[in-house]
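Enquirer: Below is the structure I would like to discuss, written out as structure tokens.
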Amino acid sequence: MTGLVIVRGAGDLATGTILKLHAAGLRVLAVECAQPSAIRRAAALCEAVYDGAAEVEGVIARRIDTPDEEHLIRCWERHEVPLVVDEALACASTLHPAAVVDAILAKRNLGTTRAMAPITVGLGPGFTAGTDVDAVIETMRGHDLGRILYADAAKPNTGVPGLIAGEGARRVMHAPADGEMVHLSAIGDTVEEGQEIARVGDTPVYASLSGVLRGLIRAGYPVTKGLKIADIDPRRDQKNNCFTVSDKARCIAGGVLEALLHLAHEKEVRLL
């Protein structure tokens, strides 16, 4: 399909890329798995998988069951982003996209290949430019965040969250047990260290520090022990940031857009 860009994943970082490409006038299709586990749900279009539609910064993603040209065009005419559940990206073989952007951020390649489209871009660790994809975008915070690599791979995952107001690992909480998620607080709430903010089954989840609850995995989600389930921003005045694309996501999105335009020119692929 002429000019189509498929973005694999619609979590909070992928949402930054989707919004950037959508704003640039590209025709975007978001592709997700059947049970997304986003933490920063208020800034993630993947919530459309559960709710039928999701809105971030005024842009609506709408779930469609059949990713055919008619359904896609209908969404685009409403200035919406179509989203389909298609974990294996089977739709690429029928839609023939101009570009595929793997924004799953799984820290490994879950199946994206250069054969899927004339242009392929991968975000973060797990991809090697020139082998798995045409370009890789650096996702690690620091001087190289958003840098485009046309050879080599992104920096390996450290497993350590980036610092916010001096807090790193402590601002992220993980499931203390297996079970279904129960909310006692909501994204955007101000919480105090030691406060019970949720439960996994009957096991309490306590706030690891004081601040604004920026992320909380969806209520009812069947979590496993050790899974990331919540994120606290220690800056109490940052409530509004819970509902908008992060600085990191915007930086990565700029790299994706630049890479797509550069590769489209180089390969003579039509994107607009």
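Residue numbering restarts at 1 for every chain of the structure tokens, chains are lettered A, B, ... in their displayed order, and ligands are numbered from 1 as they appear.
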Using only C-alpha atoms, I'd like a table of the residues in range 104-174 of chain A that come within 8 Å of range 204-225 of chain A; for each, show the closest atom pair and its distance in Å rounded to one decimal, ordered by chain and ascending number, as a Markdown table.
Expert:
```
| residue | atom | partner | partner_atom | distance |
| --- | --- | --- | --- | --- |
| A:Arg170 | CA | A:Ser208 | CA | 6.2 |
| A:Arg171 | CA | A:Ser208 | CA | 6.3 |
| A:Val172 | CA | A:Ser208 | CA | 7.6 |
| A:Met173 | CA | A:Ser208 | CA | 6.9 |
| A:His174 | CA | A:Lys225 | CA | 7.3 |
```
Enquirer: How would the residues just chosen look if you wrote them out with N, CA and C atoms as a PDB file, in the first residue's frame?
Expert:
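Wrote it out as again_15.pdb, contents follow:
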```pdb
ATOM      1  N   ARG A 170      14.673   2.828  42.222  1.00  0.00           N
ATOM      2  CA  ARG A 170      13.685   2.865  43.300  1.00  0.00           C
ATOM      3  C   ARG A 170      12.325   3.370  42.833  1.00  0.00           C
ATOM      4  N   ARG A 171      12.294   4.091  41.720  1.00  0.00           N
ATOM      5  CA  ARG A 171      11.011   4.648  41.279  1.00  0.00           C
ATOM      6  C   ARG A 171      10.151   3.637  40.512  1.00  0.00           C
ATOM      7  N   VAL A 172      10.714   2.477  40.206  1.00  0.00           N
ATOM      8  CA  VAL A 172       9.983   1.441  39.474  1.00  0.00           C
ATOM      9  C   VAL A 172       9.640   0.302  40.427  1.00  0.00           C
ATOM     10  N   MET A 173       8.391  -0.150  40.368  1.00  0.00           N
ATOM     11  CA  MET A 173       7.949  -1.245  41.230  1.00  0.00           C
ATOM     12  C   MET A 173       7.606  -2.482  40.407  1.00  0.00           C
ATOM     13  N   HIS A 174       7.869  -3.637  41.008  1.00  0.00           N
ATOM     14  CA  HIS A 174       7.623  -4.910  40.337  1.00  0.00           C
ATOM     15  C   HIS A 174       6.644  -5.747  41.148  1.00  0.00           C
TER      16      HIS A 174
END
```
Enquirer: Mind checking which residues fall within 9 Å of Ala264 in chain A, counting only C-alpha atoms, ignoring those fewer than 4 positions away in the same chain, and posting them as a list in words?
Expert: Ala98, Ala99, Pro118, Ile119, Ala259, Leu260, Glu268, Val269, Arg270 and Leu271 of chain A
Enquirer: For the selection just defined, write its residues with all heavy atoms to a file, as a tab-separated table (two decimals), in the first residue's frame.
Expert:
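The resulting again28.tsv:
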```tsv
chain	number	residue	atom	x	y	z
A	98	ALA	N	5.30	0.63	2.92
A	98	ALA	CA	6.54	1.27	2.48
A	98	ALA	C	7.61	1.13	3.56
A	98	ALA	O	8.81	1.07	3.26
A	98	ALA	CB	6.29	2.74	2.18
A	99	ALA	N	7.16	1.11	4.83
A	99	ALA	CA	8.12	1.04	5.93
A	99	ALA	C	7.51	0.30	7.11
A	99	ALA	O	6.30	0.38	7.35
A	99	ALA	CB	8.55	2.44	6.35
A	118	PRO	N	10.33	-2.11	2.14
A	118	PRO	CA	11.51	-1.48	1.56
A	118	PRO	C	12.36	-0.73	2.58
A	118	PRO	O	13.57	-0.63	2.44
A	118	PRO	CB	10.91	-0.51	0.53
A	118	PRO	CG	9.59	-1.11	0.18
A	118	PRO	CD	9.09	-1.74	1.44
A	119	ILE	N	11.69	-0.21	3.64
A	119	ILE	CA	12.40	0.51	4.71
A	119	ILE	C	12.04	-0.13	6.03
A	119	ILE	O	10.86	-0.34	6.33
A	119	ILE	CB	12.00	2.00	4.74
A	119	ILE	CG1	12.36	2.69	3.42
A	119	ILE	CG2	12.65	2.72	5.92
A	119	ILE	CD1	11.80	4.10	3.31
A	259	ALA	N	15.13	9.13	10.04
A	259	ALA	CA	15.60	7.91	9.39
A	259	ALA	C	14.68	7.52	8.23
A	259	ALA	O	15.15	7.13	7.15
A	259	ALA	CB	15.68	6.77	10.40
A	260	LEU	N	13.38	7.61	8.44
A	260	LEU	CA	12.43	7.26	7.38
A	260	LEU	C	12.60	8.17	6.16
A	260	LEU	O	12.63	7.69	5.01
A	260	LEU	CB	10.99	7.36	7.90
A	260	LEU	CG	10.55	6.29	8.90
A	260	LEU	CD1	9.12	6.57	9.36
A	260	LEU	CD2	10.63	4.89	8.30
A	268	GLU	N	14.45	5.72	-2.90
A	268	GLU	CA	13.39	6.18	-3.81
A	268	GLU	C	12.06	5.50	-3.49
A	268	GLU	O	11.38	4.94	-4.36
A	268	GLU	CB	13.78	5.95	-5.27
A	268	GLU	CG	15.04	6.73	-5.68
A	268	GLU	CD	15.39	6.58	-7.15
A	268	GLU	OE1	14.82	5.67	-7.80
A	268	GLU	OE2	16.19	7.37	-7.65
A	269	VAL	N	11.70	5.54	-2.21
A	269	VAL	CA	10.44	4.99	-1.73
A	269	VAL	C	9.50	6.13	-1.42
A	269	VAL	O	9.87	7.10	-0.74
A	269	VAL	CB	10.67	4.13	-0.46
A	269	VAL	CG1	9.34	3.66	0.11
A	269	VAL	CG2	11.56	2.95	-0.78
A	270	ARG	N	8.28	6.03	-1.86
A	270	ARG	CA	7.29	7.09	-1.63
A	270	ARG	C	6.65	6.92	-0.25
A	270	ARG	O	6.09	5.88	0.05
A	270	ARG	CB	6.20	7.05	-2.71
A	270	ARG	CG	5.16	8.15	-2.55
A	270	ARG	CD	4.11	8.07	-3.64
A	270	ARG	NE	3.00	8.94	-3.36
A	270	ARG	CZ	1.89	8.99	-4.08
A	270	ARG	NH1	1.75	8.18	-5.11
A	270	ARG	NH2	0.91	9.80	-3.76
A	271	LEU	N	6.77	7.96	0.59
A	271	LEU	CA	6.14	7.97	1.91
A	271	LEU	C	4.96	8.92	2.00
A	271	LEU	O	4.09	8.75	2.86
A	271	LEU	CB	7.16	8.34	2.99
A	271	LEU	CG	8.21	7.29	3.36
A	271	LEU	CD1	9.15	7.84	4.39
A	271	LEU	CD2	7.55	6.02	3.85
```
Enquirer: Name the residues of range 5-139 of chain A that fall into strand (DSSP E) according to DSSP on the backbone, using the chain letters and numbers of this document, as number ranges by chain.
Expert: A: 5-8, 27-32, 53-56, 59-63, 81-85, 99-102, 119-123, 128-129, 135-137
Enquirer: Fewer than 3 positions away in the same chain doesn't count, so skip those; otherwise give me all residues within 12 Å of His71 in chain A, counting only C-alpha atoms, as a list in words.
Expert: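 Once the adjacent positions are removed, what remains is Leu29, Arg62, Arg63, Ile64, Asp65, Thr66, Pro67, Asp68, Arg74, Cys75, Trp76, Glu77, Arg78, Glu80, Val81, Pro82, Leu83 and Val84 of chain A.
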Enquirer: Generate a file of the selected residues that holds C-alpha atoms, formatted as a tab-separated table (two decimals), in the first residue's frame.
Expert:
```tsv
chain	number	residue	atom	x	y	z
A	29	LEU	CA	-0.99	1.73	11.09
A	62	ARG	CA	-9.02	3.25	16.96
A	63	ARG	CA	-8.94	-0.53	16.96
A	64	ILE	CA	-10.02	-2.16	13.73
A	65	ASP	CA	-10.61	-5.88	13.30
A	66	THR	CA	-9.73	-6.06	9.61
A	67	PRO	CA	-6.70	-4.12	8.34
A	68	ASP	CA	-7.93	-3.75	4.78
A	74	ARG	CA	-11.85	5.43	6.93
A	75	CYS	CA	-9.68	6.03	10.01
A	76	TRP	CA	-7.25	8.30	8.19
A	77	GLU	CA	-10.11	10.40	6.81
A	78	ARG	CA	-11.18	11.00	10.43
A	80	GLU	CA	-7.31	8.89	13.48
A	81	VAL	CA	-4.66	6.19	13.72
A	82	PRO	CA	-5.93	2.68	12.95
A	83	LEU	CA	-4.69	-0.03	15.33
A	84	VAL	CA	-4.91	-3.77	14.77
```
Enquirer: Can you work out which one of A:Ala14, A:Val133, A:Leu45, A:Ile229 has the shortest atom-to-atom distance to Ala153 in chain A, counting only C-alpha atoms?
Expert: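 Distance minimum relative to Ala153 in chain A lands on A:Val133.
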Enquirer: For range 54-59 of chain A, find every residue with an atom within 12 Å (counting only C-alpha atoms), except residues of its own chain fewer than 3 positions away, and show them as number ranges by chain.
Expert: A: 10-12, 14-16, 18-23, 40-51, 62-63, 75-76, 78-83, 240-246
Enquirer: Of the residues A:Asp178, A:Asp231, A:Ala117, A:Ala106, which is the one nearest to Pro161 in chain A, using only C-alpha atoms?
Expert: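 For Pro161 in chain A, the nearest of the given residues is A:Asp231.
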Enquirer: Hey, which of A:Ile60, A:Val28, A:Leu110, A:Val256 ends up closest to Ile148 in chain A? Count only C-alpha atoms.
Expert: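 Closest to Ile148 in chain A of all the choices is A:Val256.
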Enquirer: In terms of the shortest atom-to-atom distance over only C-alpha atoms, which of A:Gly111, A:Gly130, A:Gly159, A:Pro176 is closest to Leu227 in chain A?
Expert: A:Pro176
Enquirer: Counting only C-alpha atoms, which residue out of A:Gly124, A:Gly25, A:Pro234, A:Pro36 sits closest to Val85 in chain A?
Expert: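 Of all the options, A:Pro36 lies closest to Val85 in chain A.
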Enquirer: So how many Å separate CA of His265 in chain A and CA of Ala115 in chain A, to one decimal?
Expert: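 One can read the CA of His265 in chain A to CA of Ala115 in chain A distance as 18.7 Å.
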Enquirer: Kindly give the distance, in Å, that separates CA of Glu192 in chain A and CA of Met140 in chain A, rounded to a single decimal.
Expert: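 So the two atoms, CA of Glu192 in chain A and CA of Met140 in chain A, lie 28.8 Å apart.
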Enquirer: Taking into account only C-alpha atoms, which residue in the set A:Asn157, A:Leu149, A:Val100, A:Arg27 is nearest to Gly126 in chain A?
Expert: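 Comparing A:Asn157, A:Leu149, A:Val100, A:Arg27 against Gly126 in chain A, the winner is A:Asn157.
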Enquirer: Using the chain letters and numbers from this document, which residues of range 51-143 of chain A does DSSP assign to alpha helix (DSSP H), as number ranges by chain?
Expert: A: 51, 69-77, 92-95
Enquirer: Could you check how far CA of Ala249 in chain A sits from CA of Ile39 in chain A, in Å to one decimal?
Expert: 14.3 Å
Enquirer: Can you pull out the residues contacting Gly9 in chain A? Cut-off 9 Å, using only C-alpha atoms, and skip same-chain residues under 3 positions away; I want them as a VMD selection string.
Expert: chain A and resid 13 to 15 30 to 33 36 46 101 to 105
Enquirer: If we count only C-alpha atoms and set the cut-off at 10 Å, which residues sit around range 142-145 of chain A, ignoring sequence neighbours fewer than 6 positions away in its own chain? Please answer as a PyMOL selection string.
Expert: chain A and resi 124+154-155+162+248-249+251-252+255
Enquirer: I need the residues from that last selection saved to file as an mmCIF file, in the first residue's frame (with N, CA, C and O atoms), if you can.
Expert:
```
data_model
loop_
_atom_site.group_PDB
_atom_site.id
_atom_site.type_symbol
_atom_site.label_atom_id
_atom_site.label_comp_id
_atom_site.auth_asym_id
_atom_site.auth_seq_id
_atom_site.Cartn_x
_atom_site.Cartn_y
_atom_site.Cartn_z
ATOM 1 N N GLY A 124 16.108 0.564 19.694
ATOM 2 C CA GLY A 124 16.793 0.039 20.853
ATOM 3 C C GLY A 124 17.524 -1.272 20.646
ATOM 4 O O GLY A 124 17.749 -1.725 19.507
ATOM 5 N N ALA A 154 22.324 -0.831 18.717
ATOM 6 C CA ALA A 154 22.119 0.087 19.837
ATOM 7 C C ALA A 154 22.849 -0.449 21.066
ATOM 8 O O ALA A 154 23.234 -1.614 21.131
ATOM 9 N N LYS A 155 23.038 0.422 22.046
ATOM 10 C CA LYS A 155 23.703 0.012 23.284
ATOM 11 C C LYS A 155 22.871 -1.059 23.978
ATOM 12 O O LYS A 155 21.643 -1.016 23.966
ATOM 13 N N GLY A 162 16.363 5.053 33.936
ATOM 14 C CA GLY A 162 17.022 6.351 33.921
ATOM 15 C C GLY A 162 16.684 7.168 35.160
ATOM 16 O O GLY A 162 15.635 6.994 35.773
ATOM 17 N N LYS A 248 11.848 11.583 26.389
ATOM 18 C CA LYS A 248 12.569 10.465 25.778
ATOM 19 C C LYS A 248 11.852 9.983 24.524
ATOM 20 O O LYS A 248 12.480 9.771 23.478
ATOM 21 N N ALA A 249 10.530 9.802 24.622
ATOM 22 C CA ALA A 249 9.755 9.322 23.484
ATOM 23 C C ALA A 249 9.803 10.309 22.323
ATOM 24 O O ALA A 249 9.875 9.908 21.154
ATOM 25 N N CYS A 251 12.229 12.440 21.622
ATOM 26 C CA CYS A 251 13.571 12.409 21.042
ATOM 27 C C CYS A 251 13.726 11.207 20.121
ATOM 28 O O CYS A 251 14.237 11.321 18.998
ATOM 29 N N ILE A 252 13.287 10.043 20.570
ATOM 30 C CA ILE A 252 13.348 8.833 19.758
ATOM 31 C C ILE A 252 12.509 9.010 18.489
ATOM 32 O O ILE A 252 12.931 8.641 17.383
ATOM 33 N N GLY A 255 14.222 10.833 15.754
ATOM 34 C CA GLY A 255 15.176 9.982 15.056
ATOM 35 C C GLY A 255 14.493 9.074 14.056
ATOM 36 O O GLY A 255 14.995 8.863 12.943
#
```
